[in-house]
$ cat start.txt   # compact mmCIF, C-alpha atoms
# COMPACT_ATOMS: atom_id res chain seq x y z
CA MET A 96 113.62 132.54 109.94
CA ALA A 97 116.46 130.97 111.84
CA PRO A 98 117.49 127.36 111.30
CA GLY A 99 115.85 125.12 113.84
CA THR A 100 112.51 126.89 113.83
CA PHE A 101 109.55 124.98 112.47
CA LEU A 102 108.85 127.36 109.60
CA PHE A 103 112.45 127.20 108.42
CA GLU A 104 112.55 123.42 108.55
CA ALA A 105 109.20 123.11 106.81
CA TRP A 106 110.45 125.47 104.08
CA GLN A 107 113.63 123.40 103.76
CA ALA A 108 111.55 120.25 103.32
CA ARG A 109 109.01 121.85 100.99
CA GLN A 110 110.18 119.98 97.89
CA SER A 111 109.88 116.51 99.38
CA LEU A 112 106.65 117.33 101.22
CA LEU A 113 105.05 118.65 98.06
CA SER A 114 106.15 115.66 96.03
CA GLY A 115 104.84 113.43 98.82
CA LEU A 116 101.53 115.26 98.66
CA GLY A 117 101.56 114.74 94.90
CA VAL A 118 102.15 111.00 95.27
CA THR A 119 99.34 110.77 97.82
CA MET A 120 96.93 112.57 95.52
CA LEU A 121 97.99 110.68 92.42
CA SER A 122 97.73 107.27 94.06
CA SER A 123 94.35 108.17 95.57
CA ALA A 124 93.03 109.48 92.26
CA LEU A 125 94.23 106.42 90.31
CA SER A 126 92.78 104.02 92.88
CA ILE A 127 89.47 105.87 93.03
CA VAL A 128 89.09 105.91 89.24
CA MET A 129 90.00 102.23 89.00
CA ALA A 130 87.66 101.33 91.84
CA THR A 131 84.78 103.33 90.41
CA VAL A 132 84.98 101.82 86.93
CA LEU A 133 85.62 98.24 88.03
CA GLY A 134 83.34 98.56 91.04
CA ILE A 135 80.33 99.62 89.00
CA ALA A 136 80.99 96.83 86.51
CA MET A 137 81.24 94.34 89.34
CA GLY A 138 78.15 95.85 90.95
CA VAL A 139 76.21 95.19 87.74
CA VAL A 140 77.47 91.60 87.80
CA LEU A 141 76.50 91.28 91.47
CA THR A 142 72.95 92.37 90.77
CA PHE A 143 72.18 91.11 87.27
CA GLY A 144 74.83 88.47 86.51
CA TRP A 145 74.33 84.76 85.91
CA TRP A 146 74.35 82.89 89.18
CA TRP A 147 77.89 81.50 88.80
CA LEU A 148 79.26 84.92 87.88
CA ARG A 149 77.37 86.44 90.79
CA LEU A 150 78.85 83.82 93.09
CA LEU A 151 82.38 84.64 91.93
CA ALA A 152 81.80 88.37 92.36
CA ARG A 153 80.29 87.82 95.80
CA LEU A 154 83.31 85.71 96.79
CA TYR A 155 85.66 88.45 95.61
CA VAL A 156 83.75 91.19 97.43
CA ASP A 157 83.52 89.25 100.68
CA VAL A 158 87.20 88.29 100.66
CA MET A 159 88.29 91.86 99.94
CA ARG A 160 86.05 93.27 102.62
CA GLY A 161 87.21 90.75 105.18
CA LEU A 162 90.92 91.43 104.71
CA PRO A 163 92.84 94.30 106.28
CA LEU A 164 94.09 96.72 103.66
CA LEU A 165 97.65 96.44 104.93
CA VAL A 166 97.68 92.67 104.45
CA LEU A 167 96.38 93.17 100.94
CA ILE A 168 99.07 95.70 100.12
CA LEU A 169 101.88 93.55 101.53
CA PHE A 170 100.50 90.47 99.77
CA THR A 171 100.32 92.31 96.46
CA TYR A 172 103.76 93.79 96.87
CA TYR A 173 105.52 90.55 97.75
CA GLY A 174 103.20 88.26 95.83
CA LEU A 175 103.33 89.95 92.41
CA ALA A 176 107.11 89.69 92.42
CA LEU A 177 106.77 85.92 92.72
CA PHE A 178 104.89 85.80 89.45
CA GLY A 179 107.79 87.57 87.82
CA ILE A 180 105.75 90.76 87.56
CA ASN A 181 108.24 93.32 88.66
CA VAL A 182 106.02 96.23 89.60
CA PRO A 183 107.30 99.22 91.52
CA ALA A 184 105.95 99.66 95.03
CA PHE A 185 103.76 102.55 93.89
CA TRP A 186 101.86 100.43 91.38
CA ALA A 187 101.61 97.46 93.72
CA GLY A 188 100.02 99.83 96.22
CA VAL A 189 97.64 101.37 93.70
CA ILE A 190 96.57 97.92 92.50
CA ALA A 191 95.93 96.75 96.06
CA LEU A 192 94.07 99.94 97.01
CA GLY A 193 92.03 99.80 93.80
CA ALA A 194 91.18 96.13 94.26
CA PHE A 195 90.13 96.82 97.85
CA ALA A 196 87.96 99.80 96.93
CA THR A 197 86.47 97.98 93.94
CA ALA A 198 84.80 95.58 96.35
CA HIS A 199 83.43 98.44 98.42
CA VAL A 200 82.12 100.34 95.41
CA ALA A 201 80.56 97.14 94.05
CA GLU A 202 78.75 96.57 97.31
CA ASN A 203 77.61 100.21 97.46
CA PHE A 204 76.36 99.94 93.91
CA ARG A 205 74.46 96.74 94.61
CA GLY A 206 72.78 98.37 97.57
CA ALA A 207 71.89 101.41 95.49
CA VAL A 208 70.47 99.35 92.62
CA GLN A 209 68.40 97.24 94.95
CA SER A 210 66.99 100.33 96.57
CA VAL A 211 65.62 101.47 93.21
CA PRO A 212 61.98 100.37 93.33
CA ALA A 213 61.28 97.22 91.34
CA GLY A 214 58.51 99.05 89.51
CA GLN A 215 61.10 101.08 87.63
CA MET A 216 62.65 97.97 86.11
CA GLU A 217 59.25 96.50 85.36
CA ALA A 218 58.04 99.67 83.70
CA ALA A 219 61.19 99.80 81.58
CA LYS A 220 60.63 96.18 80.57
CA ALA A 221 57.00 96.90 79.81
CA ILE A 222 57.86 99.62 77.31
CA GLY A 223 60.25 97.20 75.62
CA LEU A 224 63.69 98.58 76.45
CA THR A 225 66.60 96.22 75.99
CA PHE A 226 68.70 95.29 79.01
CA GLY A 227 71.43 97.76 78.09
CA LYS A 228 68.93 100.58 77.73
CA ARG A 229 67.15 99.65 80.94
CA LEU A 230 70.48 99.82 82.68
CA THR A 231 71.79 103.05 81.21
CA HIS A 232 68.56 105.03 81.00
CA VAL A 233 66.57 103.83 83.98
CA ILE A 234 68.58 102.06 86.65
CA LEU A 235 71.98 103.74 86.53
CA PRO A 236 70.81 107.37 86.73
CA GLN A 237 68.86 106.57 89.86
CA ALA A 238 71.38 104.20 91.41
CA VAL A 239 74.31 106.57 90.94
CA ARG A 240 72.55 109.28 92.91
CA ARG A 241 71.87 106.89 95.74
CA MET A 242 75.41 105.58 95.89
CA LEU A 243 76.98 109.03 96.04
CA PRO A 244 77.24 109.29 99.86
CA PRO A 245 78.88 105.88 100.38
CA TRP A 246 81.06 106.49 97.33
CA VAL A 247 82.43 109.67 98.92
CA ASN A 248 83.10 107.70 102.10
CA THR A 249 85.01 105.09 100.10
CA ALA A 250 87.04 107.86 98.45
CA LEU A 251 87.97 109.24 101.88
CA GLU A 252 88.97 105.76 103.01
CA ILE A 253 91.24 105.50 99.98
CA VAL A 254 92.95 108.82 100.68
CA LYS A 255 93.54 107.67 104.24
CA GLY A 256 94.58 104.24 102.99
CA THR A 257 97.38 105.67 100.87
CA THR A 258 99.35 106.20 104.10
CA LEU A 259 99.78 102.42 104.18
CA LEU A 260 101.86 102.68 101.01
CA SER A 261 104.56 104.20 103.20
CA ILE A 262 105.03 100.76 104.74
CA ILE A 263 106.13 99.28 101.40
CA GLY A 264 108.38 102.27 100.84
CA VAL A 265 106.37 104.58 98.61
CA VAL A 266 107.40 108.09 99.56
CA GLU A 267 103.96 109.59 99.93
CA LEU A 268 103.00 112.41 102.27
CA LEU A 269 103.44 110.51 105.54
CA LEU A 270 106.79 108.99 104.64
CA SER A 271 108.15 112.26 103.24
CA ALA A 272 107.17 113.96 106.49
CA GLN A 273 108.89 111.19 108.43
CA GLN A 274 112.00 111.66 106.34
CA ALA A 275 111.96 115.34 107.19
CA MET A 276 111.54 114.43 110.87
CA ALA A 277 114.52 112.11 110.69
CA ARG A 278 116.61 115.15 109.77
CA ASN A 279 115.32 117.71 112.26
CA TYR A 280 113.58 115.73 115.05
CA MET A 281 110.62 118.13 115.03
CA ILE A 282 108.24 115.25 115.45
CA ILE A 283 105.20 117.03 116.86
CA ASP A 284 105.29 119.92 114.40
CA PHE A 285 105.67 117.77 111.32
CA TYR A 286 103.03 115.23 112.31
CA LEU A 287 100.63 118.07 112.99
CA LEU A 288 101.47 119.61 109.62
CA THR A 289 100.86 116.28 107.90
CA ALA A 290 97.61 115.77 109.79
CA ALA A 291 96.49 119.27 108.78
CA LEU A 292 97.19 118.47 105.12
CA TYR A 293 95.20 115.23 105.30
CA VAL A 294 92.34 116.98 107.07
CA ALA A 295 92.41 119.67 104.40
CA ILE A 296 92.20 117.10 101.57
CA ASN A 297 89.56 114.95 103.21
CA PHE A 298 87.47 117.80 104.54
CA THR A 299 87.40 119.36 101.08
CA LEU A 300 86.41 116.03 99.55
CA ALA A 301 83.67 115.55 102.13
CA GLN A 302 82.31 119.05 101.53
CA LEU A 303 82.46 118.49 97.78
CA GLY A 304 80.54 115.27 98.27
CA ALA A 305 77.94 117.05 100.39
CA THR A 306 77.52 119.72 97.72
CA LEU A 307 77.09 117.09 95.02
CA GLU A 308 74.59 115.28 97.20
CA ARG A 309 72.53 118.41 97.67
CA ARG A 310 72.71 119.13 93.97
CA TYR A 311 71.84 115.61 92.82
CA SER A 312 69.96 114.40 95.87
CA TYR A 313 68.03 111.35 94.82
CA LEU A 314 64.64 111.59 93.29
CA ARG A 315 61.72 110.98 95.53
CA TYR A 316 58.75 109.06 94.32
CA MET B 157 103.38 80.17 85.20
CA ILE B 158 105.94 80.40 87.86
CA ASP B 159 107.89 77.65 89.43
CA TYR B 160 106.79 77.93 93.04
CA HIS B 161 106.79 74.99 95.38
CA PHE B 162 104.52 75.26 98.33
CA ASP B 163 106.05 74.27 101.62
CA TRP B 164 103.43 74.47 104.33
CA SER B 165 105.76 73.16 107.03
CA VAL B 166 106.80 76.76 107.68
CA ILE B 167 103.25 77.47 108.84
CA ALA B 168 103.17 74.37 111.01
CA ARG B 169 106.43 75.36 112.62
CA ASN B 170 105.15 78.85 113.40
CA SER B 171 101.54 77.98 114.20
CA GLY B 172 101.91 78.82 117.89
CA LYS B 173 103.33 82.22 117.08
CA LEU B 174 100.57 82.93 114.55
CA GLY B 175 97.88 81.86 117.02
CA ASP B 176 99.24 84.15 119.72
CA ALA B 177 99.43 86.97 117.21
CA LEU B 178 95.82 86.47 116.15
CA LEU B 179 94.62 86.45 119.75
CA LEU B 180 96.60 89.62 120.45
CA GLY B 181 94.89 91.31 117.49
CA LEU B 182 91.44 90.27 118.71
CA TRP B 183 92.24 91.44 122.21
CA LEU B 184 93.49 94.81 120.94
CA ALA B 185 90.30 95.28 118.93
CA VAL B 186 87.98 94.38 121.82
CA VAL B 187 89.78 96.57 124.36
CA SER B 188 89.86 99.50 121.95
CA LEU B 189 86.19 99.04 121.17
CA LEU B 190 85.28 99.09 124.86
CA ILE B 191 87.32 102.24 125.56
CA GLY B 192 86.01 103.72 122.30
CA CYS B 193 82.43 103.03 123.41
CA VAL B 194 83.01 104.95 126.64
CA ILE B 195 84.59 107.88 124.78
CA GLY B 196 81.90 107.71 122.11
CA LEU B 197 79.04 107.69 124.62
CA LEU B 198 80.39 110.70 126.51
CA ALA B 199 81.09 112.49 123.23
CA ALA B 200 77.64 111.69 121.87
CA TYR B 201 75.96 113.13 124.98
CA ALA B 202 78.15 116.22 124.62
CA ARG B 203 77.10 116.51 120.99
CA VAL B 204 73.38 116.38 121.73
CA SER B 205 73.62 118.49 124.88
CA GLY B 206 72.79 121.63 122.95
CA LYS B 207 75.59 123.53 124.66
CA LYS B 208 77.94 125.06 122.13
CA TRP B 209 81.04 124.89 124.34
CA LEU B 210 80.48 121.15 124.77
CA SER B 211 79.43 120.18 121.29
CA ALA B 212 81.91 122.27 119.28
CA PRO B 213 85.11 120.61 120.64
CA VAL B 214 83.53 117.20 120.22
CA TRP B 215 82.59 118.04 116.63
CA ALA B 216 86.18 119.11 115.99
CA TYR B 217 87.50 115.89 117.57
CA VAL B 218 85.21 113.69 115.49
CA GLU B 219 85.91 115.48 112.21
CA PHE B 220 89.64 115.56 112.87
CA ILE B 221 89.83 111.84 113.59
CA ARG B 222 87.62 110.92 110.67
CA CYS B 223 89.72 112.96 108.26
CA THR B 224 93.12 111.76 109.53
CA PRO B 225 94.65 108.43 108.56
CA LEU B 226 94.86 105.98 111.46
CA LEU B 227 98.52 105.29 110.71
CA LEU B 228 99.31 108.97 111.24
CA LEU B 229 97.53 108.92 114.59
CA ILE B 230 99.44 105.80 115.64
CA PHE B 231 102.79 107.35 114.73
CA PHE B 232 101.85 110.65 116.29
CA LEU B 233 101.01 109.12 119.65
CA TYR B 234 103.88 106.62 119.58
CA PHE B 235 106.63 109.03 118.56
CA GLY B 236 105.06 112.31 119.59
CA LEU B 237 103.86 111.70 123.15
CA PRO B 238 107.38 111.09 124.52
CA GLU B 239 108.17 114.65 123.41
CA PHE B 240 105.67 115.76 126.06
CA ASP B 241 107.44 113.53 128.59
CA ILE B 242 104.66 110.98 128.42
CA SER B 243 106.86 107.95 127.98
CA PHE B 244 105.31 105.40 130.32
CA LEU B 245 103.22 103.90 127.51
CA ASP B 246 104.75 100.87 125.84
CA LYS B 247 104.03 100.26 122.16
CA THR B 248 100.98 98.09 122.79
CA GLN B 249 99.41 100.60 125.18
CA SER B 250 100.22 103.43 122.82
CA PHE B 251 98.51 101.52 120.01
CA VAL B 252 95.45 100.81 122.15
CA LEU B 253 95.27 104.51 122.96
CA SER B 254 95.37 105.45 119.26
CA LEU B 255 92.82 102.84 118.26
CA SER B 256 90.54 103.83 121.15
CA LEU B 257 90.64 107.50 120.17
CA TYR B 258 89.95 106.46 116.59
CA ALA B 259 87.09 104.19 117.62
CA GLY B 260 85.74 106.88 119.93
CA ALA B 261 85.10 109.26 117.05
CA TYR B 262 83.26 106.62 115.05
CA MET B 263 81.30 105.39 118.06
CA CYS B 264 80.33 108.99 118.82
CA GLU B 265 78.60 109.21 115.45
CA VAL B 266 76.97 105.81 115.97
CA PHE B 267 75.64 106.74 119.40
CA ARG B 268 74.55 110.17 118.26
CA ALA B 269 72.45 108.57 115.55
CA GLY B 270 71.19 106.07 118.11
CA LEU B 271 70.19 108.81 120.54
CA ALA B 272 68.46 110.71 117.76
CA SER B 273 66.47 107.66 116.69
CA ILE B 274 64.86 107.03 120.07
CA PRO B 275 61.19 107.96 119.90
CA LYS B 276 60.44 111.05 121.93
CA GLN B 277 57.47 109.33 123.52
CA TYR B 278 59.77 106.98 125.40
CA VAL B 279 61.37 109.86 127.26
CA GLU B 280 58.04 111.56 127.75
CA ALA B 281 56.53 108.40 129.16
CA ALA B 282 59.49 108.03 131.50
CA LYS B 283 58.99 111.63 132.60
CA ALA B 284 55.30 111.01 133.12
CA ILE B 285 55.90 108.15 135.54
CA GLY B 286 58.24 110.41 137.49
CA MET B 287 61.71 109.17 136.59
CA ARG B 288 64.64 111.40 137.33
CA PRO B 289 66.82 112.56 134.41
CA TRP B 290 69.53 109.99 135.09
CA GLN B 291 66.94 107.24 135.56
CA ARG B 292 65.43 108.13 132.20
CA GLN B 293 68.84 107.73 130.60
CA VAL B 294 69.88 104.56 132.41
CA TYR B 295 66.60 102.65 132.32
CA VAL B 296 64.98 103.91 129.14
CA VAL B 297 67.27 105.65 126.68
CA LEU B 298 70.46 103.60 126.99
CA PRO B 299 68.94 100.10 126.77
CA VAL B 300 66.92 101.06 123.71
CA MET B 301 69.87 102.81 122.11
CA PHE B 302 72.09 99.80 122.73
CA ARG B 303 69.68 97.60 120.83
CA ILE B 304 69.36 100.03 117.96
CA THR B 305 73.09 100.55 117.59
CA LEU B 306 74.14 96.91 118.06
CA PRO B 307 74.65 96.21 114.33
CA SER B 308 76.80 99.34 113.94
CA ILE B 309 78.85 98.47 117.01
CA GLY B 310 79.43 95.06 115.49
CA ASN B 311 80.57 96.51 112.17
CA ASN B 312 82.94 98.76 114.06
CA LEU B 313 84.38 95.80 115.93
CA ILE B 314 85.14 94.04 112.65
CA SER B 315 86.75 97.09 111.10
CA LEU B 316 88.75 97.73 114.28
CA PHE B 317 89.95 94.15 114.14
CA LYS B 318 91.16 94.76 110.60
CA ASP B 319 92.76 98.02 111.73
CA THR B 320 94.84 96.18 114.33
CA SER B 321 97.01 95.17 111.37
CA LEU B 322 98.43 98.71 111.45
CA ALA B 323 100.03 97.90 114.80
CA ALA B 324 102.65 96.12 112.71
CA ALA B 325 104.02 99.56 111.81
CA ILE B 326 105.16 100.12 115.40
CA ALA B 327 106.25 96.50 115.86
CA VAL B 328 103.40 95.26 118.03
CA PRO B 329 103.61 91.50 117.46
CA GLU B 330 100.13 90.96 116.05
CA LEU B 331 99.25 88.90 113.00
CA THR B 332 100.53 91.17 110.23
CA PHE B 333 103.79 91.86 112.04
CA THR B 334 104.33 88.17 112.77
CA ALA B 335 103.53 87.26 109.17
CA ARG B 336 106.01 89.83 107.92
CA GLN B 337 108.63 88.50 110.30
CA ILE B 338 108.13 84.90 109.21
CA ASN B 339 108.14 86.09 105.61
CA ALA B 340 111.43 87.89 106.14
CA ASN B 341 112.99 84.89 107.86
CA THR B 342 111.86 82.13 105.52
CA PHE B 343 110.74 83.94 102.35
CA ARG B 344 107.77 81.61 101.98
CA VAL B 345 105.72 84.49 100.59
CA MET B 346 102.62 82.66 99.40
CA GLU B 347 102.22 80.34 102.38
CA VAL B 348 102.65 83.10 104.92
CA TRP B 349 100.31 85.65 103.35
CA LEU B 350 97.69 83.09 102.37
CA THR B 351 97.63 81.87 105.96
CA ALA B 352 97.47 85.38 107.40
CA SER B 353 94.65 86.28 104.99
CA ALA B 354 92.75 83.13 105.83
CA LEU B 355 93.12 83.81 109.54
CA TYR B 356 91.86 87.37 109.16
CA LEU B 357 88.94 86.26 107.00
CA ALA B 358 87.98 83.42 109.31
CA SER B 359 88.12 85.64 112.38
CA ALA B 360 86.11 88.39 110.73
CA TYR B 361 83.46 85.86 109.74
CA LEU B 362 83.44 84.33 113.19
CA ILE B 363 82.92 87.76 114.76
CA ALA B 364 80.18 88.52 112.24
CA MET B 365 78.44 85.25 113.06
CA VAL B 366 78.59 85.78 116.82
CA LEU B 367 77.27 89.30 116.30
CA ARG B 368 74.39 88.01 114.20
CA LEU B 369 73.43 85.67 117.02
CA LEU B 370 73.64 88.55 119.50
CA GLU B 371 71.54 90.72 117.22
CA ARG B 372 68.89 88.06 116.88
CA ARG B 373 68.78 87.86 120.64
CA TYR B 374 68.80 91.59 121.43
CA ALA B 375 68.30 93.79 118.40
CA SER B 376 64.54 93.76 118.12
CA ILE B 377 62.35 95.38 120.70
CA ARG B 378 59.29 93.30 121.36
$ encode --input "start.txt" --output "structure tokens"
Amino acid sequence: MAPGTFLFEAWQARQSLLSGLGVTMLSSALSIVMATVLGIAMGVVLTFGWWWLRLLARLYVDVMRGLPLLVLILFTYYGLALFGINVPAFWAGVIALGAFATAHVAENFRGAVQSVPAGQMEAAKAIGLTFGKRLTHVILPQAVRRMLPPWVNTALEIVKGTTLLSIIGVVELLLSAQQAMARNYMIIDFYLLTAALYVAINFTLAQLGATLERRYSYLRY
Amino acid sequence: MIDYHFDWSVIARNSGKLGDALLLGLWLAVVSLLIGCVIGLLAAYARVSGKKWLSAPVWAYVEFIRCTPLLLLIFFLYFGLPEFDISFLDKTQSFVLSLSLYAGAYMCEVFRAGLASIPKQYVEAAKAIGMRPWQRQVYVVLPVMFRITLPSIGNNLISLFKDTSLAAAIAVPELTFTARQINANTFRVMEVWLTASALYLASAYLIAMVLRLLERRYASIR
């Protein structure tokens, strides 16, 4: 491998590319976990909360879904600093991504819960289950299966959304590739390599999601 | 709490710039959606054609675009195309090209679902009254499909409008870029980003409302 060939340059840049890939995966994973936990909680509020709590949650969801992710990330990054919260760019990005995806998961969850037939809830009430038990034993197991496909879509959006962190200076996969390009000017090769890595991650995730769906495809009545 | 004094005069001073930026974003989204619809329609017909050599490349295109971040596509076309001596595109045109290709993949899926959801009897009836293949498509399949897919097209328009914010990365002066610029010049962080957010939200809602009116007018088949 002579210097100047693509393979050589890619091998030279392997450390930064791999660490970029790591940052991409870590930020995606953190955001997805955060969004799933908070999103399901907010979804419960959206469906079963008191009216004023529901209104607040609805406001949050609608605002988050109406804003571009990039604006959210920039706002978080510059805005948090104003409050004297000195977060690194990585965490500002994860918070913004997580907050964005929380709204999407909440909305998916609400849709899933409302697609569970009302009879299920009524039957659970009739046999005297408390609200917590109705939720955990009757509604959630059915709703989670139904929200699996949109949840996988949200996860893919997050992985793709982590590229926006490069704009606030987080050296994730895209930015590390661009740094390599700045050294060797092999623009086409490195963008294609990066694209191939993203496709590999997302395609795997999508296939994983499809497998899970087949395995846990929702119950039919 | 922090000691932050709001000074909205910075927004008033730059309102013209922000308005132009917002209109540019809307225009970018609409143009990309239109080109994306054309790409998507052709791609959807290729997908349902039943010919492997037509549907396989389209499948690859759709999956590739859906699994690749839009920002990567924007950079790739903006920085990569000149390597192939395609340098007549300015940054706005290059962005429209990226967004159109991106929209095309999503519209392909929308139209494919739309084509699949048209009752077979419609086409059979059109055959029975002696319509030619292209007449069947133009007078029967497409109008019905348009009505079925209208809500999805609308959703795509809104998400494309939000995606125009990525044009800031290649310095197209749309809303996010302008907001960043004003922010950098004046450092009125809160005012600038609150205004930009409000503008995005208001526009998204406005689009959604117009679309709901359109849907009420066209979506149902009586």
$ residues_around --input "start.txt" --residues "Pro213 of chain B" --least-positions-apart "5" --cutoff "12 Å" --atoms "all atoms listed in the file" --output "VMD selection string"
chain B and resid 199 to 200 202 to 203 207 to 208 218 to 220 261
$ closest_atom_pairs --input "start.txt" --of "chain B" --to "chain A" --cutoff "9 Å" --atoms "all atoms listed in the file" --output "JSON lines"
{"residue": "B:Met157", "atom": "CA", "partner": "A:Phe178", "partner_atom": "CA", "distance": 7.2}
{"residue": "B:Ile158", "atom": "CA", "partner": "A:Phe178", "partner_atom": "CA", "distance": 5.7}
{"residue": "B:Asp159", "atom": "CA", "partner": "A:Phe178", "partner_atom": "CA", "distance": 8.7}
{"residue": "B:Tyr160", "atom": "CA", "partner": "A:Leu177", "partner_atom": "CA", "distance": 8.0}
{"residue": "B:Glu219", "atom": "CA", "partner": "A:Phe298", "partner_atom": "CA", "distance": 8.2}
{"residue": "B:Phe220", "atom": "CA", "partner": "A:Val294", "partner_atom": "CA", "distance": 6.6}
{"residue": "B:Ile221", "atom": "CA", "partner": "A:Val294", "partner_atom": "CA", "distance": 8.7}
{"residue": "B:Arg222", "atom": "CA", "partner": "A:Val294", "partner_atom": "CA", "distance": 8.5}
{"residue": "B:Cys223", "atom": "CA", "partner": "A:Val294", "partner_atom": "CA", "distance": 4.9}
{"residue": "B:Thr224", "atom": "CA", "partner": "A:Val294", "partner_atom": "CA", "distance": 5.8}
{"residue": "B:Pro225", "atom": "CA", "partner": "A:Lys255", "partner_atom": "CA", "distance": 4.5}
{"residue": "B:Leu226", "atom": "CA", "partner": "A:Lys255", "partner_atom": "CA", "distance": 7.5}
{"residue": "B:Leu227", "atom": "CA", "partner": "A:Thr258", "partner_atom": "CA", "distance": 6.7}
{"residue": "B:Leu228", "atom": "CA", "partner": "A:Ala290", "partner_atom": "CA", "distance": 7.2}
{"residue": "B:Leu229", "atom": "CA", "partner": "A:Ala290", "partner_atom": "CA", "distance": 8.4}
{"residue": "B:Phe231", "atom": "CA", "partner": "A:Tyr286", "partner_atom": "CA", "distance": 8.2}
{"residue": "B:Phe232", "atom": "CA", "partner": "A:Tyr286", "partner_atom": "CA", "distance": 6.2}
{"residue": "B:Phe235", "atom": "CA", "partner": "A:Ile282", "partner_atom": "CA", "distance": 7.1}
{"residue": "B:Gly236", "atom": "CA", "partner": "A:Ile283", "partner_atom": "CA", "distance": 5.5}
{"residue": "B:Leu237", "atom": "CA", "partner": "A:Ile283", "partner_atom": "CA", "distance": 8.4}
{"residue": "B:Glu239", "atom": "CA", "partner": "A:Ile283", "partner_atom": "CA", "distance": 7.6}
{"residue": "B:Ile314", "atom": "CA", "partner": "A:Gly161", "partner_atom": "CA", "distance": 8.4}
{"residue": "B:Ser315", "atom": "CA", "partner": "A:Pro163", "partner_atom": "CA", "distance": 8.3}
{"residue": "B:Phe317", "atom": "CA", "partner": "A:Pro163", "partner_atom": "CA", "distance": 8.4}
{"residue": "B:Lys318", "atom": "CA", "partner": "A:Pro163", "partner_atom": "CA", "distance": 4.7}
{"residue": "B:Asp319", "atom": "CA", "partner": "A:Pro163", "partner_atom": "CA", "distance": 6.6}
{"residue": "B:Thr320", "atom": "CA", "partner": "A:Pro163", "partner_atom": "CA", "distance": 8.5}
{"residue": "B:Ser321", "atom": "CA", "partner": "A:Leu165", "partner_atom": "CA", "distance": 6.6}
{"residue": "B:Leu322", "atom": "CA", "partner": "A:Leu165", "partner_atom": "CA", "distance": 6.9}
{"residue": "B:Ala325", "atom": "CA", "partner": "A:Ile262", "partner_atom": "CA", "distance": 7.2}
{"residue": "B:Thr332", "atom": "CA", "partner": "A:Val166", "partner_atom": "CA", "distance": 6.6}
{"residue": "B:Arg336", "atom": "CA", "partner": "A:Leu169", "partner_atom": "CA", "distance": 8.5}
{"residue": "B:Val345", "atom": "CA", "partner": "A:Gly174", "partner_atom": "CA", "distance": 6.6}
{"residue": "B:Met346", "atom": "CA", "partner": "A:Gly174", "partner_atom": "CA", "distance": 6.7}
{"residue": "B:Trp349", "atom": "CA", "partner": "A:Phe170", "partner_atom": "CA", "distance": 6.0}
{"residue": "B:Leu350", "atom": "CA", "partner": "A:Phe170", "partner_atom": "CA", "distance": 8.3}
{"residue": "B:Ala352", "atom": "CA", "partner": "A:Val166", "partner_atom": "CA", "distance": 7.9}
{"residue": "B:Ser353", "atom": "CA", "partner": "A:Leu162", "partner_atom": "CA", "distance": 6.4}
{"residue": "B:Ala354", "atom": "CA", "partner": "A:Leu162", "partner_atom": "CA", "distance": 8.6}
{"residue": "B:Tyr356", "atom": "CA", "partner": "A:Leu162", "partner_atom": "CA", "distance": 6.1}
{"residue": "B:Leu357", "atom": "CA", "partner": "A:Gly161", "partner_atom": "CA", "distance": 5.1}
{"residue": "B:Ala358", "atom": "CA", "partner": "A:Gly161", "partner_atom": "CA", "distance": 8.4}
{"residue": "B:Ser359", "atom": "CA", "partner": "A:Gly161", "partner_atom": "CA", "distance": 8.9}
{"residue": "B:Ala360", "atom": "CA", "partner": "A:Gly161", "partner_atom": "CA", "distance": 6.1}
{"residue": "B:Tyr361", "atom": "CA", "partner": "A:Gly161", "partner_atom": "CA", "distance": 7.7}
$ atom_distance --input "start.txt" --atom1 "atom CA of Gln237 of chain A" --atom2 "atom CA of Gln209 of chain A"
10.6 Å
$ atom_distance --input "start.txt" --atom1 "atom CA of Glu202 of chain A" --atom2 "atom CA of Ser126 of chain A"
16.5 Å
$ residues_near_point --input "start.txt" --point "(104.1, 101.5, 96.9)" --cutoff "9 Å" --atoms "all atoms listed in the file" --output "ChimeraX atom specification"
/A:168,172,183-189,257,259-267
$ atom_distance --input "start.txt" --atom1 "atom CA of Leu307 of chain A" --atom2 "atom CA of Ala207 of chain A"
16.5 Å
$ residues_near_point --input "start.txt" --point "(95.8, 105.7, 121.6)" --cutoff "9 Å" --atoms "all atoms listed in the file" --output "PyMOL selection string"
chain B and resi 188+229-230+233-234+249-258
$ residues_around --input "start.txt" --residues "Leu298 of chain B" --least-positions-apart "5" --cutoff "12 Å" --atoms "all atoms listed in the file" --output "ChimeraX atom specification"
/B:197,200-201,267-268,270-274,278-279,290-293,303-306
$ closest_residue --input "start.txt" --among "A:Phe143, A:Phe101, A:Tyr311, A:Phe195" --to "Leu288 of chain A" --atoms "only C-alpha atoms"
A:Phe101
$ closest_residue --input "start.txt" --among "B:Ile167, B:Met263, B:Leu182, B:Ile285" --to "Glu330 of chain B" --atoms "only C-alpha atoms"
B:Leu182
